[in-house]
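Participant: Here you go, start-v9.tsv (TSV, C-alpha atoms):
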```tsv
chain	number	residue	atom	x	y	z
A	599	MET	CA	-6.97	1.45	-22.80
A	600	GLU	CA	-4.74	4.48	-22.20
A	601	ARG	CA	-7.40	6.25	-20.16
A	602	ASN	CA	-7.98	3.25	-17.88
A	603	LEU	CA	-4.25	2.68	-17.46
A	604	VAL	CA	-3.51	6.29	-16.55
A	605	TYR	CA	-6.48	6.53	-14.15
A	606	ILE	CA	-5.29	3.37	-12.37
A	607	ALA	CA	-1.72	4.72	-12.14
A	608	LEU	CA	-2.79	8.17	-10.96
A	609	PHE	CA	-4.96	6.69	-8.23
A	610	ALA	CA	-2.10	4.46	-7.08
A	611	ALA	CA	-0.06	7.67	-6.83
A	612	LEU	CA	-2.95	9.32	-4.98
A	613	ILE	CA	-3.00	6.54	-2.34
A	614	ALA	CA	0.73	7.14	-1.83
A	615	ALA	CA	0.38	10.93	-1.73
A	616	LEU	CA	-2.47	10.76	0.79
A	617	GLY	CA	-0.34	8.56	3.04
A	618	LEU	CA	2.76	10.73	2.79
A	619	LEU	CA	1.26	14.22	3.01
A	620	PRO	CA	1.38	15.76	6.47
A	621	LYS	CA	-1.50	14.31	8.43
A	622	ILE	CA	-4.83	15.99	7.76
A	623	THR	CA	-6.77	16.99	10.84
A	624	LEU	CA	-10.46	16.77	11.53
A	625	GLY	CA	-12.56	19.59	12.94
A	626	SER	CA	-11.67	18.62	16.48
A	627	GLY	CA	-7.96	18.41	15.67
A	628	ILE	CA	-7.64	14.60	15.63
A	629	PRO	CA	-4.89	13.75	13.14
A	630	ILE	CA	-5.57	10.82	10.81
A	631	THR	CA	-3.47	9.22	8.11
A	632	ALA	CA	-5.40	9.24	4.89
A	633	GLN	CA	-4.03	6.12	3.24
A	634	SER	CA	-7.15	4.03	3.78
A	635	LEU	CA	-9.17	7.01	2.55
A	636	GLY	CA	-7.26	6.58	-0.72
A	637	ILE	CA	-8.24	2.89	-0.83
A	638	MET	CA	-11.92	3.79	-0.37
A	639	LEU	CA	-11.74	6.49	-3.07
A	640	CYS	CA	-10.22	3.99	-5.52
A	641	GLY	CA	-13.34	1.88	-5.10
A	642	THR	CA	-15.93	4.66	-5.12
A	643	ILE	CA	-14.47	6.57	-8.08
A	644	LEU	CA	-12.74	3.93	-10.24
A	645	GLY	CA	-15.17	1.08	-9.58
A	646	ALA	CA	-14.48	-2.53	-8.56
A	647	LYS	CA	-11.99	-3.83	-11.11
A	648	ARG	CA	-10.00	-0.66	-11.81
A	649	GLY	CA	-10.02	0.29	-8.12
A	650	ALA	CA	-8.57	-3.09	-7.12
A	651	LEU	CA	-5.94	-2.83	-9.88
A	652	ALA	CA	-4.89	0.63	-8.66
A	653	VAL	CA	-4.42	-0.77	-5.14
A	654	LEU	CA	-2.48	-3.79	-6.47
A	655	LEU	CA	-0.22	-1.44	-8.42
A	656	PHE	CA	0.39	0.60	-5.27
A	657	LEU	CA	1.22	-2.54	-3.27
A	658	GLY	CA	3.51	-3.76	-6.06
A	659	LEU	CA	5.55	-0.57	-5.80
A	660	VAL	CA	5.70	-0.93	-2.01
A	661	ALA	CA	6.89	-4.54	-2.38
A	662	ILE	CA	9.71	-3.71	-4.78
A	663	GLY	CA	11.08	-1.22	-2.27
A	664	LEU	CA	9.47	2.20	-2.53
A	665	PRO	CA	8.65	3.75	0.87
A	666	LEU	CA	5.07	4.66	-0.04
A	667	LEU	CA	3.15	3.41	3.01
A	668	ALA	CA	1.99	6.01	5.55
A	669	GLY	CA	4.98	7.23	7.54
A	670	GLY	CA	7.41	6.40	4.72
A	671	ARG	CA	7.49	2.64	5.29
A	672	GLY	CA	7.82	0.10	2.52
A	673	GLY	CA	9.72	-2.88	1.20
A	674	LEU	CA	9.06	-6.60	1.45
A	675	ALA	CA	9.06	-6.51	5.25
A	676	SER	CA	5.75	-4.62	5.22
A	677	PHE	CA	4.17	-7.89	4.09
A	678	ALA	CA	5.84	-9.96	6.82
A	679	SER	CA	4.27	-8.14	9.77
A	680	PRO	CA	1.21	-9.67	11.46
A	681	TRP	CA	-0.67	-6.49	10.49
A	682	ALA	CA	-0.03	-7.20	6.81
A	683	GLY	CA	-3.58	-8.54	6.60
A	684	PHE	CA	-4.59	-4.92	6.10
A	685	LEU	CA	-2.33	-4.71	3.03
A	686	PHE	CA	-3.62	-8.01	1.62
A	687	GLY	CA	-7.15	-6.82	2.33
A	688	PHE	CA	-6.74	-3.42	0.63
A	689	PRO	CA	-7.40	-4.62	-2.97
A	690	VAL	CA	-10.42	-6.66	-1.85
A	691	ALA	CA	-11.70	-3.64	0.09
A	692	ALA	CA	-11.44	-1.41	-2.98
A	693	PHE	CA	-13.10	-4.09	-5.12
A	694	VAL	CA	-16.09	-4.52	-2.79
A	695	THR	CA	-16.45	-0.75	-2.31
A	696	GLY	CA	-16.48	-0.30	-6.08
A	697	LEU	CA	-18.92	-3.15	-6.56
A	698	VAL	CA	-21.44	-1.50	-4.23
A	699	VAL	CA	-21.20	1.82	-6.12
A	700	GLU	CA	-21.47	0.06	-9.49
A	701	LYS	CA	-24.50	-2.06	-8.59
A	702	TRP	CA	-26.49	0.46	-6.51
A	703	ARG	CA	-27.40	2.94	-9.25
A	704	GLY	CA	-30.19	4.89	-7.67
A	705	GLY	CA	-29.95	7.01	-4.58
A	706	ASN	CA	-27.80	9.83	-3.36
A	707	MET	CA	-24.13	9.47	-4.36
A	708	ALA	CA	-22.83	10.33	-0.88
A	709	LEU	CA	-25.05	7.65	0.68
A	710	VAL	CA	-24.10	4.98	-1.86
A	711	ALA	CA	-20.37	5.78	-1.61
A	712	GLY	CA	-20.54	5.90	2.19
A	713	VAL	CA	-22.26	2.52	2.46
A	714	GLY	CA	-19.80	1.08	-0.07
A	715	ALA	CA	-16.83	2.43	1.88
A	716	ILE	CA	-18.16	0.99	5.15
A	717	ILE	CA	-18.88	-2.46	3.68
A	718	GLY	CA	-15.67	-2.69	1.64
A	719	GLY	CA	-13.23	-0.45	3.46
A	720	ILE	CA	-14.21	-1.44	6.99
A	721	VAL	CA	-16.23	-4.69	7.24
A	722	VAL	CA	-14.39	-6.68	4.54
A	723	LEU	CA	-11.00	-5.13	5.30
A	724	TYR	CA	-11.16	-5.86	9.04
A	725	LEU	CA	-12.44	-9.43	8.48
A	726	ILE	CA	-9.32	-10.14	6.41
A	727	ALA	CA	-6.95	-8.23	8.71
A	728	LEU	CA	-8.35	-9.93	11.84
A	729	ALA	CA	-8.19	-13.43	10.34
A	730	TYR	CA	-4.60	-12.83	9.21
A	731	TYR	CA	-3.53	-11.47	12.59
A	732	MET	CA	-5.13	-14.41	14.42
A	733	VAL	CA	-3.35	-16.96	12.20
A	734	MET	CA	0.00	-15.15	12.38
A	735	THR	CA	0.09	-14.63	16.15
A	736	GLY	CA	-2.24	-17.35	17.44
A	737	THR	CA	-4.31	-14.74	19.23
A	738	PRO	CA	-7.95	-15.64	19.91
A	739	LEU	CA	-10.74	-13.52	18.40
A	740	MET	CA	-11.34	-11.23	21.38
A	741	GLY	CA	-7.66	-10.43	21.78
A	742	ALA	CA	-7.31	-9.71	18.08
A	743	VAL	CA	-10.36	-7.44	18.08
A	744	THR	CA	-9.04	-5.36	20.98
A	745	THR	CA	-5.54	-4.94	19.51
A	746	VAL	CA	-6.22	-4.80	15.75
A	747	ALA	CA	-9.72	-3.47	15.25
A	748	LEU	CA	-11.23	-1.46	18.11
A	749	PRO	CA	-8.62	1.32	18.32
A	750	PHE	CA	-8.86	2.05	14.58
A	751	ILE	CA	-12.51	1.58	13.67
A	752	PRO	CA	-13.67	5.04	14.86
A	753	GLY	CA	-11.07	6.73	12.62
A	754	ASP	CA	-12.04	4.51	9.71
A	755	LEU	CA	-15.72	5.37	10.13
A	756	ILE	CA	-14.79	9.04	9.85
A	757	LYS	CA	-12.76	8.23	6.72
A	758	ALA	CA	-15.77	6.44	5.20
A	759	VAL	CA	-17.84	9.61	5.75
A	760	LEU	CA	-15.08	11.71	4.16
A	761	ALA	CA	-14.86	9.28	1.21
A	762	ALA	CA	-18.62	9.71	0.77
A	763	LEU	CA	-18.44	13.52	0.80
A	764	ILE	CA	-15.40	13.64	-1.50
A	765	THR	CA	-16.98	11.20	-3.97
A	766	GLN	CA	-20.15	13.29	-4.08
A	767	ALA	CA	-18.12	16.45	-4.73
A	768	ILE	CA	-16.22	14.73	-7.57
A	769	TRP	CA	-19.50	13.35	-8.94
A	770	LYS	CA	-20.81	16.92	-9.15
A	771	ALA	CA	-17.63	18.46	-10.55
A	772	ARG	CA	-16.48	15.71	-12.98
A	773	PRO	CA	-19.31	13.21	-13.57
A	774	ASN	CA	-17.43	11.70	-16.51
A	775	ALA	CA	-14.41	10.94	-14.35
A	776	VAL	CA	-16.40	8.76	-11.93
A	777	LEU	CA	-15.67	5.53	-13.80
A	778	SER	CA	-17.65	3.42	-11.31
A	779	ARG	CA	-20.78	4.98	-12.85
A	780	ALA	CA	-19.51	5.16	-16.45
B	862	MET	CA	12.48	9.24	-5.77
B	863	LEU	CA	13.94	8.00	-2.51
B	864	THR	CA	14.25	4.21	-2.30
B	865	LEU	CA	15.05	1.86	0.55
B	866	THR	CA	18.06	0.31	-1.22
B	867	LEU	CA	21.43	0.60	0.48
B	868	GLU	CA	23.79	2.58	-1.76
B	869	GLN	CA	26.95	0.75	-0.75
B	870	GLN	CA	27.86	-2.39	-2.75
B	871	SER	CA	28.27	-5.80	-1.14
B	872	TRP	CA	28.18	-9.52	-1.91
B	873	ALA	CA	24.45	-9.49	-1.18
B	874	HIS	CA	23.86	-6.83	-3.84
B	875	ARG	CA	25.46	-9.10	-6.44
B	876	VAL	CA	23.20	-12.11	-5.76
B	877	PRO	CA	20.47	-12.15	-8.46
B	878	VAL	CA	17.23	-10.68	-7.15
B	879	GLY	CA	15.16	-13.68	-8.25
B	880	ARG	CA	17.30	-15.99	-6.12
B	881	LYS	CA	17.03	-13.71	-3.08
B	882	LEU	CA	13.26	-13.58	-3.40
B	883	LEU	CA	13.11	-17.38	-3.68
B	884	VAL	CA	15.22	-17.80	-0.52
B	885	LEU	CA	13.07	-15.23	1.31
B	886	PHE	CA	9.90	-17.05	0.27
B	887	GLY	CA	11.34	-20.41	1.37
B	888	ALA	CA	12.60	-19.02	4.68
B	889	THR	CA	9.22	-17.46	5.45
B	890	LEU	CA	7.42	-20.75	4.72
B	891	PHE	CA	9.93	-22.63	6.90
B	892	LEU	CA	9.67	-20.16	9.79
B	893	PHE	CA	5.88	-19.96	9.81
B	894	PRO	CA	5.09	-23.14	11.81
B	895	VAL	CA	8.20	-23.01	14.08
B	896	VAL	CA	7.49	-22.47	17.79
B	897	SER	CA	10.77	-23.59	19.36
B	898	LEU	CA	12.50	-20.64	21.03
B	899	PRO	CA	16.12	-21.81	20.40
B	900	ILE	CA	15.47	-22.26	16.65
B	901	LEU	CA	13.78	-18.85	16.40
B	902	LEU	CA	16.62	-17.22	18.33
B	903	GLY	CA	19.08	-18.93	15.99
B	904	CYS	CA	17.23	-17.59	12.94
B	905	LEU	CA	17.33	-14.06	14.33
B	906	GLY	CA	21.05	-14.57	14.94
B	907	VAL	CA	21.57	-15.67	11.33
B	908	VAL	CA	19.73	-12.55	10.10
B	909	THR	CA	21.92	-10.35	12.32
B	910	ILE	CA	25.05	-12.02	10.90
B	911	LEU	CA	23.73	-11.35	7.37
B	912	TYR	CA	23.46	-7.64	8.18
B	913	LEU	CA	26.92	-7.59	9.78
B	914	SER	CA	28.44	-9.32	6.74
B	915	VAL	CA	27.41	-6.27	4.72
B	916	GLY	CA	28.60	-3.86	7.39
B	917	LEU	CA	27.66	-1.85	10.46
B	918	VAL	CA	25.93	0.72	8.23
B	919	ALA	CA	23.56	-2.03	7.06
B	920	LEU	CA	22.78	-3.11	10.62
B	921	LYS	CA	22.05	0.49	11.61
B	922	ALA	CA	19.79	1.02	8.57
B	923	GLY	CA	18.09	-2.31	9.26
B	924	LEU	CA	17.40	-1.36	12.88
B	925	SER	CA	15.86	1.96	11.86
B	926	MET	CA	13.72	0.23	9.21
B	927	ALA	CA	12.52	-2.27	11.82
B	928	ARG	CA	11.49	0.46	14.26
B	929	PRO	CA	7.75	0.46	13.39
B	930	ILE	CA	7.62	-3.29	14.02
B	931	VAL	CA	8.94	-2.85	17.58
B	932	LEU	CA	5.66	-1.21	18.58
B	933	VAL	CA	3.73	-4.13	17.09
B	934	CYS	CA	5.93	-6.54	19.05
B	935	ALA	CA	5.37	-4.55	22.24
B	936	ILE	CA	1.60	-4.83	21.77
B	937	ILE	CA	1.85	-8.59	21.18
B	938	LEU	CA	4.14	-9.09	24.19
B	939	GLY	CA	1.87	-6.96	26.37
B	940	TYR	CA	-1.17	-8.97	25.34
B	941	HIS	CA	0.53	-12.33	25.97
B	942	LEU	CA	1.80	-11.13	29.34
B	943	PHE	CA	-1.77	-10.13	30.16
B	944	ILE	CA	-3.17	-13.60	29.33
B	945	GLY	CA	-0.22	-15.27	31.08
B	946	GLN	CA	1.51	-16.83	28.06
B	947	LEU	CA	4.64	-14.74	27.95
B	948	LEU	CA	6.77	-17.50	26.39
B	949	ALA	CA	4.41	-17.86	23.42
B	950	GLY	CA	4.51	-14.07	23.03
B	951	ILE	CA	8.31	-14.07	23.00
B	952	GLY	CA	8.28	-16.81	20.34
B	953	ILE	CA	5.94	-14.84	18.09
B	954	THR	CA	7.98	-11.67	18.58
B	955	LEU	CA	11.24	-13.47	17.67
B	956	LYS	CA	9.59	-14.96	14.58
B	957	ILE	CA	8.29	-11.57	13.42
B	958	LEU	CA	11.66	-9.89	14.00
B	959	ALA	CA	13.49	-12.61	12.03
B	960	MET	CA	11.02	-12.52	9.14
B	961	VAL	CA	10.87	-8.71	8.97
B	962	GLY	CA	14.63	-8.47	9.37
B	963	PHE	CA	15.28	-10.87	6.50
B	964	ALA	CA	12.69	-9.23	4.23
B	965	ASN	CA	14.24	-5.80	4.92
B	966	PHE	CA	17.65	-7.28	4.15
B	967	VAL	CA	16.46	-8.39	0.70
B	968	THR	CA	14.88	-4.97	0.05
B	969	MET	CA	18.03	-3.15	1.17
B	970	THR	CA	20.35	-5.14	-1.08
B	971	SER	CA	18.20	-5.16	-4.25
B	972	ARG	CA	18.10	-2.38	-6.79
B	973	LEU	CA	14.69	-1.04	-7.72
B	974	SER	CA	15.22	-1.64	-11.43
B	975	ASP	CA	16.17	-5.30	-10.80
B	976	MET	CA	13.08	-5.78	-8.63
B	977	MET	CA	10.96	-4.30	-11.39
B	978	GLU	CA	12.52	-6.62	-13.97
B	979	VAL	CA	11.72	-9.65	-11.80
B	980	THR	CA	8.14	-8.43	-11.31
B	981	ILE	CA	7.61	-8.07	-15.07
B	982	TRP	CA	9.22	-11.50	-15.60
B	983	MET	CA	6.87	-13.07	-13.03
B	984	LEU	CA	3.88	-11.52	-14.81
B	985	SER	CA	4.95	-12.68	-18.28
B	986	PRO	CA	3.28	-16.16	-18.04
B	987	PHE	CA	-0.03	-14.32	-17.65
B	988	GLU	CA	0.38	-12.66	-21.04
B	989	ARG	CA	-1.48	-15.50	-22.72
B	990	PHE	CA	-4.46	-14.69	-20.49
B	991	GLY	CA	-4.46	-11.10	-21.72
B	992	ALA	CA	-2.13	-9.43	-19.22
B	993	ASN	CA	-0.13	-6.66	-20.86
B	994	THR	CA	3.31	-6.50	-19.23
B	995	ARG	CA	4.22	-3.36	-21.18
B	996	ALA	CA	1.19	-1.64	-19.70
B	997	VAL	CA	2.29	-2.76	-16.21
B	998	ALA	CA	5.78	-1.35	-16.76
B	999	MET	CA	4.23	1.90	-17.99
B	1000	ALA	CA	1.93	2.04	-14.94
B	1001	PHE	CA	4.91	1.56	-12.56
B	1002	ALA	CA	6.71	4.45	-14.24
B	1003	LEU	CA	3.62	6.68	-14.11
B	1004	VAL	CA	3.12	6.11	-10.37
B	1005	MET	CA	6.77	6.89	-9.64
B	1006	ARG	CA	6.51	10.09	-11.65
B	1007	PHE	CA	3.19	11.25	-10.26
B	1008	THR	CA	3.51	10.46	-6.55
B	1009	PRO	CA	5.92	13.39	-5.97
B	1010	VAL	CA	3.79	15.57	-8.27
B	1011	LEU	CA	0.66	14.90	-6.23
B	1012	ILE	CA	2.51	15.36	-2.93
B	1013	HIS	CA	3.75	18.72	-4.23
B	1014	LYS	CA	0.24	19.76	-5.33
B	1015	GLY	CA	-1.19	18.63	-2.00
B	1016	SER	CA	1.35	20.73	-0.09
B	1017	ALA	CA	0.59	23.73	-2.31
B	1018	LEU	CA	-3.13	23.36	-1.56
B	1019	THR	CA	-2.41	23.18	2.17
B	1020	GLU	CA	-0.24	26.30	1.95
B	1021	ALA	CA	-2.91	28.17	0.01
B	1022	TRP	CA	-5.37	27.22	2.75
B	1023	ARG	CA	-3.01	28.56	5.42
B	1024	ALA	CA	-2.63	31.83	3.54
B	1025	ARG	CA	-6.38	32.35	3.73
B	1026	SER	CA	-7.26	30.95	7.12
B	1027	ALA	CA	-5.91	30.99	10.64
B	1028	ALA	CA	-7.19	27.45	11.17
B	1029	ARG	CA	-5.18	24.44	9.99
B	1030	ALA	CA	-6.00	22.86	6.65
B	1031	LYS	CA	-8.70	20.27	7.08
B	1032	TRP	CA	-9.81	17.32	4.98
B	1033	HIS	CA	-11.45	19.68	2.47
B	1034	VAL	CA	-8.16	20.06	0.56
B	1035	THR	CA	-8.53	16.41	-0.50
B	1036	ILE	CA	-11.32	17.33	-2.94
B	1037	PRO	CA	-9.23	19.69	-5.13
B	1038	LEU	CA	-6.33	17.22	-4.84
B	1039	VAL	CA	-8.46	14.40	-6.30
B	1040	LEU	CA	-9.75	16.78	-9.01
B	1041	LEU	CA	-6.17	17.72	-9.93
B	1042	ALA	CA	-5.25	14.02	-10.12
B	1043	LEU	CA	-8.24	13.32	-12.39
B	1044	ASP	CA	-7.37	16.22	-14.69
B	1045	ASP	CA	-3.74	15.07	-14.84
B	1046	ALA	CA	-5.00	11.60	-15.75
B	1047	GLU	CA	-7.06	12.95	-18.65
B	1048	ASN	CA	-4.12	15.00	-19.94
B	1049	VAL	CA	-1.62	12.14	-19.69
B	1050	ALA	CA	-4.03	9.69	-21.37
B	1051	GLU	CA	-4.52	12.19	-24.20
B	1052	ALA	CA	-0.76	12.64	-24.55
B	1053	LEU	CA	-0.19	8.86	-24.64
B	1054	ARG	CA	-2.83	8.42	-27.34
B	1055	ALA	CA	-1.32	11.27	-29.36
B	1056	ARG	CA	2.03	9.45	-29.28
B	1057	GLY	CA	0.63	6.21	-30.67
B	1058	GLY	CA	-0.94	4.74	-27.53
B	1059	MET	CA	-0.03	1.61	-25.61
B	1060	GLY	CA	-1.04	-0.80	-28.37
B	1061	GLN	CA	-1.52	-4.50	-27.68
B	1062	ASN	CA	1.08	-7.09	-26.71
B	1063	GLY	CA	3.78	-7.53	-29.33
B	1064	ASP	CA	2.48	-4.59	-31.29
B	1065	THR	CA	4.64	-1.48	-31.10
B	1066	PRO	CA	2.87	1.28	-32.99
B	1067	TRP	CA	5.74	3.76	-32.75
B	1068	ASN	CA	8.11	1.41	-34.58
B	1069	GLU	CA	5.82	0.53	-37.42
B	1070	THR	CA	6.94	3.10	-39.97
```
Is it possible to express this structure as structure tokens?
Facilitator:
Amino acid sequence: MERNLVYIALFAALIAALGLLPKITLGSGIPITAQSLGIMLCGTILGAKRGALAVLLFLGLVAIGLPLLAGGRGGLASFASPWAGFLFGFPVAAFVTGLVVEKWRGGNMALVAGVGAIIGGIVVLYLIALAYYMVMTGTPLMGAVTTVALPFIPGDLIKAVLAALITQAIWKARPNAVLSRA
Amino acid sequence: MLTLTLEQQSWAHRVPVGRKLLVLFGATLFLFPVVSLPILLGCLGVVTILYLSVGLVALKAGLSMARPIVLVCAIILGYHLFIGQLLAGIGITLKILAMVGFANFVTMTSRLSDMMEVTIWMLSPFERFGANTRAVAMAFALVMRFTPVLIHKGSALTEAWRARSAARAKWHVTIPLVLLALDDAENVAEALRARGGMGQNGDTPWNET
């Protein structure tokens, strides 16, 4: 009980910290915000249920008025924007990512975590975000894809690769802490 | 930790948080299907008056909090101009500004502790299905405590990287950051257990003696 609770809380704090730390840069110098990396890691390391709970906890703190979203945003208004589909999709994304890692036992950890992060953190997340944006703004599919998805998918693919590498490193260093495989 | 609440007191601060959330929820539901430009403009006007009733400081803070949404509105307007439906684009933009403005107003005039109380109260019906509201309250407190801790540790890792390398810190620092978070989690869980643990609902181990 205590261990699960604290893991969930610490990962919620990790999502916030990754979003608020100065932007990390890739080899080529492209800056990316790491908040969605935190969402993916919640799934790959904590597993489906705990990962989703950590994300819900994070969103709860944003809703009650803490500026924890990337760039120091927060409050109820974050959920009123047409892009809020990403926020509503975050817990589902972590859940699906975690489910993949929990169910696919064999295989290389980096591969499993990477596939999980792509299915949960990109495919599922963007389906929800796109549908929400289309309903909120009345934009047809093609318009929504060009404004909501296309500019961000390359960065998110890189984050999925990073989530895979980080999960593998944690799996080697602290196998007991990877609750998705406990 | 820094919050988005406006320090200054006003009539809006004194309205119970539950009531404000209810009005916000109702207003959002009402606004959702509206397409008429005059009504939307009126709603935005009402929101502006709300801010002004608290003071110019509130309006200024509200405008700076709404800044990220301006970019979103610009994208939407640009797209609708491109497909030749500028009026529809203006309607959507007005609706978003009114909704975001009102939501920010509620956030700005509600204290964090009151918001937390309402959240716990809203979760309490789920207790019979096994939800533990005391655990939720504990989790909220842990996140608030550990977010600055992790930010501090992350900055320290980045600095240590800079001390060793001419290149900027890359994504690699995330690995030790996650390890530090995991080790903190183990230590805090151990400490909680040593102090009697979370217990179940209605059972307060540290008061039993």
Participant: Using only C-alpha atoms, which residue out of A:Gly641, A:Gly741, A:Gly663, A:Leu655 lies closest to A:Ala675?
Facilitator: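 Selected residue with least distance to A:Ala675: A:Gly663.
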Participant: B:Glu868, B:Glu1020, B:Asp1045, B:Asp975: which is nearest B:Leu1003, counting only C-alpha atoms?
Facilitator: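 Closest to B:Leu1003 of all the choices is B:Asp1045.
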Participant: Separation of atom CA of B:Ala1017 and atom CA of A:Leu612, in Å?
Facilitator: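 Taking atom CA of B:Ala1017 and atom CA of A:Leu612, their separation equals 15.1 Å.
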Participant: Using all atoms listed in the file, which of A:Ile716, A:Ile751, A:Ala678, A:Leu654 sits nearest chain B?
Facilitator: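 Answer, going by the shortest atom-to-atom distance: A:Ala678.
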Participant: Could you give me, as JSON, numbers by chain, the residues within 9 Å of B:Val1034, counting all atoms listed in the file and dropping anything in the same chain fewer than 6 positions from it?
Facilitator: {"A": [622], "B": [1015, 1018, 1019, 1022]}
Participant: Between B:Leu955, B:Met1059, B:Ala1000, B:Met1005, which residue has the minimum interatomic distance to A:Ala607, considering all atoms listed in the file?
Facilitator: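 Residue with the minimum atom-to-atom distance to A:Ala607: B:Ala1000.
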